[in-house]
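**Student:** Below is the file final-v2.txt, with compact mmCIF, C-alpha atoms and all ligand atoms.
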```
# COMPACT_ATOMS: atom_id res chain seq x y z
CA MET V 143 -25.02 17.88 21.69
CA SER V 144 -23.17 20.26 23.96
CA ARG V 145 -22.07 19.11 27.36
CA LEU V 146 -22.00 21.08 30.56
CA VAL V 147 -20.56 20.16 33.95
CA MET V 148 -22.37 21.57 36.99
CA LYS V 149 -20.80 21.10 40.40
CA PHE V 150 -22.71 21.68 43.63
CA GLY V 151 -20.76 22.14 46.85
CA GLY V 152 -21.83 21.00 50.31
CA THR V 153 -23.94 24.03 51.22
CA SER V 154 -25.77 23.74 47.88
CA VAL V 155 -26.91 20.19 48.71
CA ALA V 156 -27.19 20.60 52.49
CA ASP V 157 -30.78 19.32 52.69
CA LEU V 158 -33.57 18.09 50.42
CA ASP V 159 -34.86 21.59 49.71
CA ARG V 160 -31.47 22.69 48.56
CA ILE V 161 -31.03 19.56 46.47
CA ARG V 162 -34.37 20.40 44.81
CA ASN V 163 -33.16 23.95 44.24
CA ALA V 164 -29.96 22.67 42.65
CA ALA V 165 -31.92 20.17 40.55
CA GLY V 166 -34.00 23.09 39.27
CA LYS V 167 -30.84 24.71 37.94
CA VAL V 168 -29.89 21.45 36.26
CA ALA V 169 -33.37 21.17 34.73
CA ARG V 170 -32.96 24.62 33.22
CA GLU V 171 -29.73 23.62 31.48
CA VAL V 172 -31.33 20.41 30.20
CA ALA V 173 -34.16 22.55 28.80
CA ASN V 174 -31.50 24.72 27.14
CA GLY V 175 -30.42 21.62 25.23
CA HIS V 176 -27.43 20.47 27.23
CA GLU V 177 -26.40 17.03 28.33
CA VAL V 178 -25.31 17.63 31.88
CA ILE V 179 -22.75 16.00 34.13
CA VAL V 180 -23.56 16.98 37.70
CA VAL V 181 -20.84 16.57 40.32
CA VAL V 182 -21.93 16.72 43.95
CA SER V 183 -20.18 17.15 47.26
CA ALA V 184 -21.41 15.61 50.48
CA MET V 185 -24.02 17.54 52.46
CA SER V 186 -22.22 20.33 54.31
CA GLY V 187 -20.60 19.14 57.52
CA LYS V 188 -20.91 15.49 56.52
CA THR V 189 -17.29 14.93 55.55
CA ASN V 190 -16.05 16.51 58.79
CA GLU V 191 -18.39 14.21 60.70
CA LEU V 192 -17.05 11.15 58.87
CA VAL V 193 -13.44 12.20 59.43
CA ALA V 194 -14.18 12.59 63.15
CA LEU V 195 -15.71 9.11 63.28
CA VAL V 196 -12.60 7.63 61.69
CA GLU V 197 -10.28 9.48 64.06
CA ALA V 198 -12.32 8.48 67.10
CA THR V 199 -12.18 4.84 66.01
CA SER V 200 -8.52 4.63 65.13
CA PRO V 201 -6.04 7.45 65.78
CA MET V 202 -3.41 5.88 63.50
CA PHE V 203 -6.01 5.00 60.91
CA ASP V 204 -5.47 2.88 57.82
CA ALA V 205 -5.75 5.33 54.92
CA ARG V 206 -7.67 2.84 52.77
CA GLU V 207 -10.43 2.59 55.34
CA TYR V 208 -10.38 6.35 55.90
CA ASP V 209 -11.18 6.73 52.20
CA ALA V 210 -13.84 4.02 52.36
CA VAL V 211 -15.62 5.96 55.12
CA VAL V 212 -15.16 9.59 54.12
CA SER V 213 -16.07 9.02 50.47
CA SER V 214 -19.53 7.83 51.49
CA GLY V 215 -21.04 11.29 52.00
CA GLU V 216 -20.96 11.94 48.27
CA ASN V 217 -22.68 8.62 47.51
CA VAL V 218 -25.74 9.82 49.40
CA THR V 219 -26.04 13.18 47.66
CA ALA V 220 -25.41 11.66 44.22
CA GLY V 221 -28.27 9.19 44.68
CA LEU V 222 -30.59 11.83 46.12
CA MET V 223 -29.83 14.23 43.28
CA ALA V 224 -30.58 11.55 40.67
CA LEU V 225 -33.85 10.71 42.42
CA THR V 226 -34.82 14.38 42.64
CA LEU V 227 -34.20 14.82 38.91
CA GLN V 228 -36.22 11.69 38.13
CA GLU V 229 -39.08 13.15 40.18
CA MET V 230 -38.90 16.10 37.77
CA ASP V 231 -39.17 13.69 34.81
CA ILE V 232 -35.56 14.15 33.80
CA PRO V 233 -33.74 10.94 32.85
CA ALA V 234 -30.91 10.90 35.37
CA ARG V 235 -28.58 8.28 36.80
CA SER V 236 -26.01 8.44 39.60
CA TRP V 237 -22.46 7.11 39.42
CA GLN V 238 -19.99 6.51 42.17
CA GLY V 239 -16.35 7.11 41.27
CA TRP V 240 -15.54 3.43 40.78
CA GLN V 241 -18.49 2.94 38.45
CA VAL V 242 -17.36 5.52 35.90
CA PRO V 243 -14.54 4.60 36.61
CA LEU V 244 -12.58 7.63 37.74
CA LYS V 245 -9.12 6.10 37.99
CA THR V 246 -6.58 7.48 40.41
CA THR V 247 -3.18 6.85 41.93
CA SER V 248 -3.16 4.89 45.17
CA ALA V 249 -2.13 7.88 47.33
CA HIS V 250 -5.05 7.47 49.70
CA SER V 251 -6.70 10.70 50.95
CA ALA V 252 -4.68 12.69 48.40
CA ALA V 253 -5.02 10.64 45.23
CA ARG V 254 -4.44 12.12 41.79
CA ILE V 255 -6.69 11.41 38.84
CA THR V 256 -5.01 9.33 36.15
CA GLU V 257 -7.84 8.65 33.70
CA ILE V 258 -11.57 9.01 33.14
CA PRO V 259 -12.73 6.70 30.35
CA THR V 260 -15.80 8.20 28.71
CA ASP V 261 -17.43 5.11 27.16
CA ASN V 262 -19.74 4.17 30.05
CA LEU V 263 -21.36 7.59 30.32
CA ASP V 264 -21.35 8.16 26.58
CA ALA V 265 -23.29 4.95 26.07
CA LYS V 266 -25.93 6.09 28.59
CA PHE V 267 -26.19 9.53 27.04
CA ALA V 268 -26.67 7.82 23.65
CA GLU V 269 -29.56 5.85 25.17
CA GLY V 270 -31.30 9.07 26.23
CA MET V 271 -29.98 9.76 29.70
CA LYS V 272 -29.88 13.55 30.12
CA VAL V 273 -28.03 13.90 33.39
CA ALA V 274 -25.20 11.85 34.87
CA VAL V 275 -24.81 12.61 38.56
CA ILE V 276 -21.29 11.90 39.77
CA ALA V 277 -20.24 11.47 43.39
CA GLY V 278 -17.37 13.96 43.68
CA PHE V 279 -14.13 13.60 45.63
CA GLN V 280 -13.71 9.86 45.04
CA GLY V 281 -12.13 7.42 42.63
CA ILE V 282 -10.65 3.97 42.36
CA ALA V 283 -7.01 2.92 42.50
CA GLU V 284 -5.47 0.25 40.32
CA ASP V 285 -5.78 -2.32 43.14
CA GLY V 286 -9.55 -1.77 43.23
CA ARG V 287 -9.65 0.24 46.48
CA ILE V 288 -11.69 3.44 46.81
CA THR V 289 -9.62 6.61 47.00
CA THR V 290 -10.35 10.27 47.76
CA LEU V 291 -8.79 13.35 46.21
CA GLY V 292 -8.12 15.50 49.29
CA ARG V 293 -10.44 17.94 51.04
CA GLY V 294 -12.34 20.10 48.61
CA GLY V 295 -11.66 17.49 45.93
CA SER V 296 -15.07 17.64 44.28
CA ASP V 297 -13.94 20.78 42.45
CA THR V 298 -11.17 18.72 40.93
CA THR V 299 -13.59 15.93 40.03
CA ALA V 300 -15.76 18.48 38.22
CA VAL V 301 -12.91 20.00 36.22
CA ALA V 302 -11.56 16.56 35.33
CA PHE V 303 -14.96 15.53 33.95
CA ALA V 304 -15.21 18.77 32.00
CA ALA V 305 -11.83 18.05 30.43
CA ALA V 306 -12.55 14.38 29.72
CA PHE V 307 -15.97 15.07 28.18
CA ASP V 308 -14.92 18.24 26.40
CA ALA V 309 -17.59 20.26 28.17
CA GLU V 310 -18.44 23.74 27.03
CA ARG V 311 -17.95 25.00 30.58
CA CYS V 312 -17.66 23.83 34.17
CA ASP V 313 -20.02 25.71 36.47
CA ILE V 314 -19.08 25.58 40.15
CA TYR V 315 -22.15 26.37 42.26
CA THR V 316 -21.29 27.47 45.77
CA ASP V 317 -22.44 29.76 48.58
CA VAL V 318 -20.73 32.88 47.22
CA ASP V 319 -21.62 34.54 43.95
CA GLY V 320 -18.14 34.61 42.49
CA VAL V 321 -14.51 35.50 43.02
CA TYR V 322 -13.97 38.80 44.81
CA THR V 323 -11.16 41.34 44.75
CA THR V 324 -10.72 40.45 48.40
CA ASP V 325 -12.68 38.91 51.24
CA PRO V 326 -15.93 40.93 51.55
CA ARG V 327 -15.85 40.29 55.30
CA ILE V 328 -12.76 42.47 55.53
CA THR V 329 -13.95 45.36 53.38
CA ASP V 330 -17.34 46.18 51.95
CA LYS V 331 -15.50 47.70 49.00
CA ALA V 332 -14.69 44.20 47.75
CA ARG V 333 -16.07 43.65 44.26
CA ARG V 334 -17.00 40.56 42.33
CA LEU V 335 -14.77 40.06 39.30
CA ASP V 336 -16.49 39.23 36.00
CA ARG V 337 -13.39 37.41 34.78
CA ILE V 338 -10.10 36.31 36.19
CA SER V 339 -7.22 34.44 34.56
CA TYR V 340 -6.18 30.95 35.58
CA GLU V 341 -2.82 32.26 36.74
CA GLU V 342 -4.38 34.84 39.03
CA MET V 343 -6.95 32.41 40.36
CA LEU V 344 -4.19 29.93 41.10
CA GLU V 345 -2.32 32.53 43.13
CA LEU V 346 -5.46 33.62 44.95
CA ALA V 347 -6.54 30.02 45.61
CA SER V 348 -3.19 29.03 47.06
CA LEU V 349 -2.92 32.28 49.02
CA GLY V 350 -5.95 31.49 51.04
CA ALA V 351 -8.99 32.56 49.01
CA LYS V 352 -10.89 29.34 49.60
CA VAL V 353 -13.39 29.39 46.74
CA LEU V 354 -11.81 26.61 44.70
CA GLN V 355 -9.47 23.74 45.45
CA THR V 356 -6.08 24.81 44.06
CA ARG V 357 -5.66 21.57 42.15
CA SER V 358 -8.88 22.13 40.29
CA VAL V 359 -7.57 25.45 38.97
CA GLU V 360 -4.28 23.83 37.92
CA LEU V 361 -6.23 21.21 36.04
CA ALA V 362 -8.52 23.79 34.42
CA MET V 363 -5.50 25.76 33.28
CA ARG V 364 -3.77 22.71 31.84
CA TYR V 365 -6.84 21.57 29.87
CA LYS V 366 -8.22 25.05 29.18
CA VAL V 367 -11.49 24.28 30.92
CA ARG V 368 -13.58 27.45 31.27
CA LEU V 369 -14.68 27.57 34.89
CA ARG V 370 -17.51 29.66 36.24
CA VAL V 371 -17.96 30.21 39.98
CA LEU V 372 -21.49 31.20 40.93
CA SER V 373 -24.07 31.09 43.69
CA SER V 374 -26.64 28.33 43.87
CA PHE V 375 -28.90 30.64 45.86
CA GLU V 376 -29.48 33.20 43.11
CA ASP V 377 -31.11 33.13 39.71
CA VAL V 378 -28.61 32.43 37.00
CA THR V 379 -28.12 34.81 34.10
CA GLU V 380 -25.50 35.09 31.37
CA ASN V 381 -23.46 37.42 33.58
CA SER V 382 -23.69 35.51 36.83
CA GLY V 383 -20.58 34.67 38.74
CA THR V 384 -16.94 34.91 37.80
CA LEU V 385 -15.45 33.25 34.74
CA VAL V 386 -12.00 31.76 35.30
CA CYS V 387 -10.46 31.64 31.85
CA SER V 388 -7.30 32.18 29.84
CA GLU V 389 -5.72 35.61 29.62
CA GLU V 390 -6.68 35.93 25.97
CA GLU V 391 -10.34 36.02 26.98
CA ILE V 392 -9.75 39.04 29.21
CA MET V 393 -9.69 42.25 27.22
CA GLU V 394 -8.08 44.75 29.54
CA SER V 395 -6.61 43.27 32.66
CA ASN V 396 -6.31 45.12 35.93
CA VAL V 397 -2.76 45.69 37.12
CA VAL V 398 -3.83 44.20 40.42
CA SER V 399 -6.87 41.91 40.46
CA GLY V 400 -7.02 40.88 44.07
CA VAL V 401 -5.67 41.10 47.59
CA ALA V 402 -5.34 37.78 49.39
CA TYR V 403 -4.33 36.96 52.91
CA SER V 404 -3.41 34.00 54.98
CA ARG V 405 -3.95 34.55 58.68
CA ASP V 406 -2.09 31.84 60.53
CA GLU V 407 1.53 32.19 59.51
CA ALA V 408 4.69 32.08 61.58
CA LYS V 409 8.09 33.56 60.93
CA MET V 410 11.11 31.57 62.09
CA THR V 411 14.67 32.81 62.18
CA LEU V 412 17.81 30.76 62.61
CA VAL V 413 20.27 33.20 64.11
CA SER V 414 23.87 33.02 62.98
CA VAL V 415 24.39 29.84 61.00
CA ALA V 416 27.62 29.14 59.12
CA ASP V 417 27.53 30.73 55.66
CA ARG V 418 28.84 27.84 53.58
CA PRO V 419 27.76 25.84 50.53
CA GLY V 420 25.09 23.34 51.51
CA ILE V 421 23.74 25.24 54.50
CA ALA V 422 20.34 25.89 52.95
CA ALA V 423 20.04 22.23 52.04
CA ALA V 424 21.08 21.23 55.58
CA ILE V 425 18.33 23.42 57.03
CA PHE V 426 15.47 22.78 54.63
CA THR V 427 15.95 19.05 54.06
CA PRO V 428 15.04 18.09 57.66
CA LEU V 429 12.15 20.57 57.54
CA ALA V 430 10.85 18.95 54.36
CA GLU V 431 11.25 15.50 55.87
CA ALA V 432 9.25 16.65 58.89
CA GLY V 433 6.45 17.77 56.58
CA VAL V 434 6.85 21.49 57.29
CA ASN V 435 5.39 23.59 54.47
CA VAL V 436 7.99 26.28 54.12
CA ASP V 437 6.76 29.28 52.17
CA MET V 438 8.93 32.41 52.13
CA ILE V 439 12.71 32.18 52.61
CA VAL V 440 15.16 35.01 53.23
CA GLN V 441 18.87 34.76 53.86
CA ASN V 442 20.83 37.68 55.35
CA ILE V 443 24.52 38.11 55.92
CA SER V 444 24.91 38.90 59.61
CA GLU V 445 28.62 38.93 60.39
CA GLU V 446 31.82 37.49 58.94
CA GLY V 447 31.09 33.97 57.69
CA ARG V 448 27.72 33.78 59.47
CA THR V 449 24.24 34.32 58.17
CA ASP V 450 20.66 34.56 59.47
CA MET V 451 18.11 32.39 57.74
CA THR V 452 14.44 33.36 58.00
CA PHE V 453 11.48 31.39 56.69
CA SER V 454 7.73 31.29 57.14
CA CYS V 455 5.45 28.32 57.67
CA PRO V 456 1.92 27.70 58.97
CA VAL V 457 1.73 28.57 62.67
CA GLY V 458 0.51 25.05 63.45
CA GLN V 459 3.82 23.63 62.23
CA VAL V 460 6.16 25.68 64.42
CA ALA V 461 6.66 22.96 67.01
CA ARG V 462 7.44 20.43 64.32
CA ALA V 463 9.90 22.83 62.67
CA GLU V 464 11.64 23.51 65.98
CA ALA V 465 11.97 19.81 66.71
CA ALA V 466 13.40 19.09 63.25
CA LEU V 467 15.95 21.91 63.45
CA ASN V 468 17.04 21.11 67.00
CA ALA V 469 17.52 17.49 66.00
CA ALA V 470 19.65 18.54 63.01
CA GLN V 471 21.69 20.73 65.37
CA GLU V 472 22.24 17.78 67.70
CA ARG V 473 23.36 15.60 64.80
CA GLY V 474 25.93 18.28 63.96
CA GLU V 475 24.44 19.00 60.53
CA ILE V 476 23.81 22.64 61.31
CA ASN V 477 25.02 25.03 63.96
CA PHE V 478 22.87 28.00 64.88
CA ARG V 479 23.10 30.36 67.81
CA GLY V 480 19.38 30.85 68.28
CA LEU V 481 16.00 29.94 66.92
CA ILE V 482 13.31 32.62 67.11
CA ALA V 483 9.67 31.88 66.34
CA ASP V 484 7.26 34.74 65.76
CA ARG V 485 3.79 33.21 65.87
CA ASP V 486 1.83 36.43 65.37
CA VAL V 487 2.25 37.19 61.70
CA CYS V 488 0.07 36.91 58.63
CA LYS V 489 0.72 37.10 54.92
CA VAL V 490 -0.91 39.67 52.68
CA SER V 491 -0.46 39.53 48.92
CA VAL V 492 -1.46 41.47 45.85
CA VAL V 493 -1.99 39.49 42.65
CA GLY V 494 -2.40 40.57 39.04
CA ILE V 495 -1.18 39.57 35.59
CA GLY V 496 -0.92 43.28 34.75
CA MET V 497 2.19 43.38 36.96
CA ARG V 498 4.15 41.75 34.17
CA SER V 499 3.91 44.93 32.13
CA HIS V 500 3.62 47.52 34.90
CA ALA V 501 6.53 48.69 37.00
CA GLY V 502 6.06 50.08 40.47
CA VAL V 503 3.43 47.77 41.94
CA ALA V 504 5.70 46.70 44.80
CA ALA V 505 6.67 50.30 45.53
CA GLN V 506 3.04 51.38 45.63
CA MET V 507 2.23 48.48 47.93
CA PHE V 508 5.02 49.39 50.36
CA GLN V 509 4.01 53.06 50.36
CA ALA V 510 0.41 52.20 51.18
CA LEU V 511 1.52 50.00 54.08
CA ALA V 512 3.97 52.63 55.31
CA ALA V 513 1.24 55.27 55.28
CA GLU V 514 -0.73 53.08 57.70
CA GLY V 515 2.32 52.49 59.89
CA VAL V 516 2.38 48.77 59.08
CA ASN V 517 5.86 47.31 59.38
CA ILE V 518 6.85 44.74 56.76
CA LYS V 519 8.80 41.76 58.08
CA VAL V 520 9.47 39.66 54.99
CA ILE V 521 8.86 40.26 51.28
CA THR V 522 8.67 37.85 48.37
CA THR V 523 7.68 38.42 44.78
CA SER V 524 6.81 36.41 41.72
CA GLU V 525 5.91 37.50 38.22
CA ILE V 526 2.30 38.27 39.13
CA LYS V 527 2.39 38.57 42.92
CA VAL V 528 3.96 40.50 45.79
CA SER V 529 3.58 39.06 49.29
CA VAL V 530 4.53 40.52 52.65
CA LEU V 531 4.53 39.18 56.17
CA VAL V 532 3.15 41.65 58.71
CA ASP V 533 1.98 41.46 62.31
CA ARG V 534 -1.37 39.68 62.44
CA LYS V 535 -3.04 42.55 64.27
CA TYR V 536 -2.59 44.65 61.11
CA MET V 537 -4.11 42.12 58.76
CA GLU V 538 -7.46 43.83 58.13
CA LEU V 539 -5.82 47.23 57.94
CA ALA V 540 -3.24 46.03 55.43
CA VAL V 541 -5.84 44.35 53.22
CA GLN V 542 -8.03 47.47 53.26
CA ALA V 543 -5.12 49.81 52.51
CA LEU V 544 -3.99 47.70 49.56
CA HIS V 545 -7.51 47.32 48.23
CA ASP V 546 -7.81 51.12 48.32
CA THR V 547 -4.46 52.00 46.83
CA PHE V 548 -5.00 49.77 43.80
CA GLY V 549 -8.50 51.12 43.25
CA LEU V 550 -10.10 47.69 43.44
CA GLU V 551 -13.53 49.02 44.38
CA ASN V 552 -13.73 50.01 40.71
CA ALA V 553 -12.60 46.61 39.42
CA ALA V 554 -14.82 44.44 37.29
N1 LIG Q 1 -16.84 16.52 50.74
C1 LIG Q 1 -15.43 16.71 50.54
C2 LIG Q 1 -14.89 17.74 51.53
O1 LIG Q 1 -15.64 18.26 52.32
C3 LIG Q 1 -15.10 17.07 49.14
C4 LIG Q 1 -15.71 18.35 48.65
O2 LIG Q 1 -16.74 18.79 49.15
O3 LIG Q 1 -15.18 18.93 47.70
O4 LIG Q 1 -13.72 18.00 51.54
MG MG Q 2 -15.41 23.22 48.30
```
What does this structure look like when you write it as structure tokens?
Ligand code: ASP
Ligand code: MG
**Tutor:**
Amino acid sequence: MSRLVMKFGGTSVADLDRIRNAAGKVAREVANGHEVIVVVSAMSGKTNELVALVEATSPMFDAREYDAVVSSGENVTAGLMALTLQEMDIPARSWQGWQVPLKTTSAHSAARITEIPTDNLDAKFAEGMKVAVIAGFQGIAEDGRITTLGRGGSDTTAVAFAAAFDAERCDIYTDVDGVYTTDPRITDKARRLDRISYEEMLELASLGAKVLQTRSVELAMRYKVRLRVLSSFEDVTENSGTLVCSEEEIMESNVVSGVAYSRDEAKMTLVSVADRPGIAAAIFTPLAEAGVNVDMIVQNISEEGRTDMTFSCPVGQVARAEAALNAAQERGEINFRGLIADRDVCKVSVVGIGMRSHAGVAAQMFQALAAEGVNIKVITTSEIKVSVLVDRKYMELAVQALHDTFGLENAA
């Protein structure tokens, strides 16, 4: 019998009506002859509420107890979903992570899945159970403690189950009807993509398109799990949503598939540091130790034997970065003349696997920005992506200009 994984995010299980609506979609797949593994998130807002309770109780909280508390939201929706299905005469049973068991590392609040043994669920399916409802986001470490997989982790739970149970597909039901060429709030020319490759989705996910947890896409790519992103508030047809799949399944790829942005970036420049072997290590090691997520890096020769080093990081980490660099300066590990923080920048990126075989994408991007008078502050590229830092006030304009120049309103 074919297996399907269906994941419902927080807004899709926000109240009993919505849980019933989601259960209706599950019932339809059961009627189509599938055995279904349903993965649920907590009701929307619930996890934030639980995190706030933990923080209000204990500012320097014990990560094991954090996980014990914040994982509980999913237990509620899993049980309610199983009950709702039973009310519809569908044999269903709920499972918390530890019951499966979904085994993880012991990195509390950011645990990684190590194994999902299939025998427990398989035995139940063999006995006639049609739907296993799994509490997403949670697992169990080797020492028996409950763990969580990081915010948005139910996506990763769903993909991991699809891989472990060799599911035909993993359907991610959410509050948008698919993956768009860009954020529809920024331009009404944004289009839903029928298909997108894992590689592109990975770039878009990590660049700030928040449809899927990045790790879930990595996992889907590694295990070739076909992922479909679709709305739980619309009727489902064969062509609903966006299929995230391997390149081979995409006939003719667009040169550029999407424009992504990340609003809250900062650009930091160390002015005039000694240009010597080891200088980059001396700068970026203390930043890494301070937990600063450095993204783009540019090194310029300024004058004889001196260089300027520029990097970007989330705007919320500027103070931490400054403290780490000033401390390194005081320890004599580095010697810079100035440290400039520009807190008003954003990152805009174009992504597409077609770039591998098409020259001129970067040039076209820069021309489009120039035509709008948008100054580019930093540029980085990868095989399938070009990113620029620009002033934040130009963010919408830059996204719209790039969406236009690459003809994305005609994308499919
Ligand atoms: N409930 C968790 C969160 O809000 C996990 C998830 O929904 O994916 O982060
Ligand atoms: Mg989510």
**Student:** Given the choices V:Ala306, V:Ile392, V:Ala432, V:Val273, which gets closest to Gly175 (chain V) if the distance is worked out from only C-alpha atoms?
**Tutor:**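 Of V:Ala306, V:Ile392, V:Ala432, V:Val273, the one nearest Gly175 (chain V) is V:Val273, counting only C-alpha atoms.
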**Student:** Which value, in Å to one decimal, gives the distance between CA of Val460 (chain V) and CA of Val359 (chain V)?
**Tutor:**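 These two atoms are separated by 28.9 Å.
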**Student:** Could you give me the residues within 12 Å of ligand MG 2 (chain Q), counting all atoms listed in the file, as a ChimeraX atom specification?
**Tutor:** /V:149-155,181-187,189,278-279,292-300,314-318,347,351-358,371
**Student:** Given the choices V:Leu291, V:Met363, V:Val487, V:Val541, which gets closest to Thr246 (chain V) if the distance is worked out from only C-alpha atoms?
**Tutor:**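 Ranking V:Leu291, V:Met363, V:Val487, V:Val541 by distance to Thr246 (chain V), first place goes to V:Leu291.
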**Student:** Kindly give the distance, in Å, that separates CA of Thr384 (chain V) and CA of Leu372 (chain V), rounded to a single decimal.
**Tutor:**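 Between CA of Thr384 (chain V) and CA of Leu372 (chain V) the gap works out to 6.7 Å.
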**Student:** With 3 Å of padding per side, what axis-aligned box (centre and edge lengths, Å, one decimal) covers all the listed atoms of ligand LIG 1 (chain Q)? Give it as AutoDock Vina command-line options.
**Tutor:**
```
--center_x -15.3 --center_y 17.7 --center_z 50.0 --size_x 9.1 --size_y 8.4 --size_z 10.6
```
**Student:** For each of V:Ala512, V:Ile282, V:Ile439, V:Ala553, take the minimum atom-to-atom distance to Lys331 (chain V), counting all atoms listed in the file, then give the residue where this is smallest.
**Tutor:**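 Between V:Ala512, V:Ile282, V:Ile439, V:Ala553, the residue approaching Lys331 (chain V) most closely is V:Ala553.
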**Student:** Mind pulling up the distance from CA of Pro428 (chain V) to CA of Asp450 (chain V)?
**Tutor:**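 One can read the CA of Asp450 (chain V) to CA of Pro428 (chain V) distance as 17.5 Å.
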**Student:** Check the smallest atom-to-atom distance from each of V:Thr547, V:Ser144, V:Ser236, V:Ser529 to Glu345 (chain V) using all atoms listed in the file, then report the winner.
**Tutor:**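 Among the listed residues, the smallest separation from Glu345 (chain V) belongs to V:Ser529.
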**Student:** List every protein, DNA or RNA residue that has at least one atom no more than 10 Å from (-5.2, 17.5, 31.7) in the file's coordinates, counting all atoms listed in the file, and write the result as an MDAnalysis selection string.
**Tutor:** chainID V and resid 255:257 301:302 305:306 360:367
**Student:** Looking at V:Val211, V:Ala469, V:Met202, V:Val520, which one is nearest to ligand LIG 1 (chain Q), with distances taken over all atoms listed in the file?
**Tutor:**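 Closest residue, counting all atoms listed in the file: V:Val211.
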**Student:** Between V:Ala501, V:Glu407, V:Ala510, V:Asp546, single out the one closest to Val532 (chain V), counting only C-alpha atoms.
**Tutor:**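 Residue with the minimum atom-to-atom distance to Val532 (chain V): V:Glu407.
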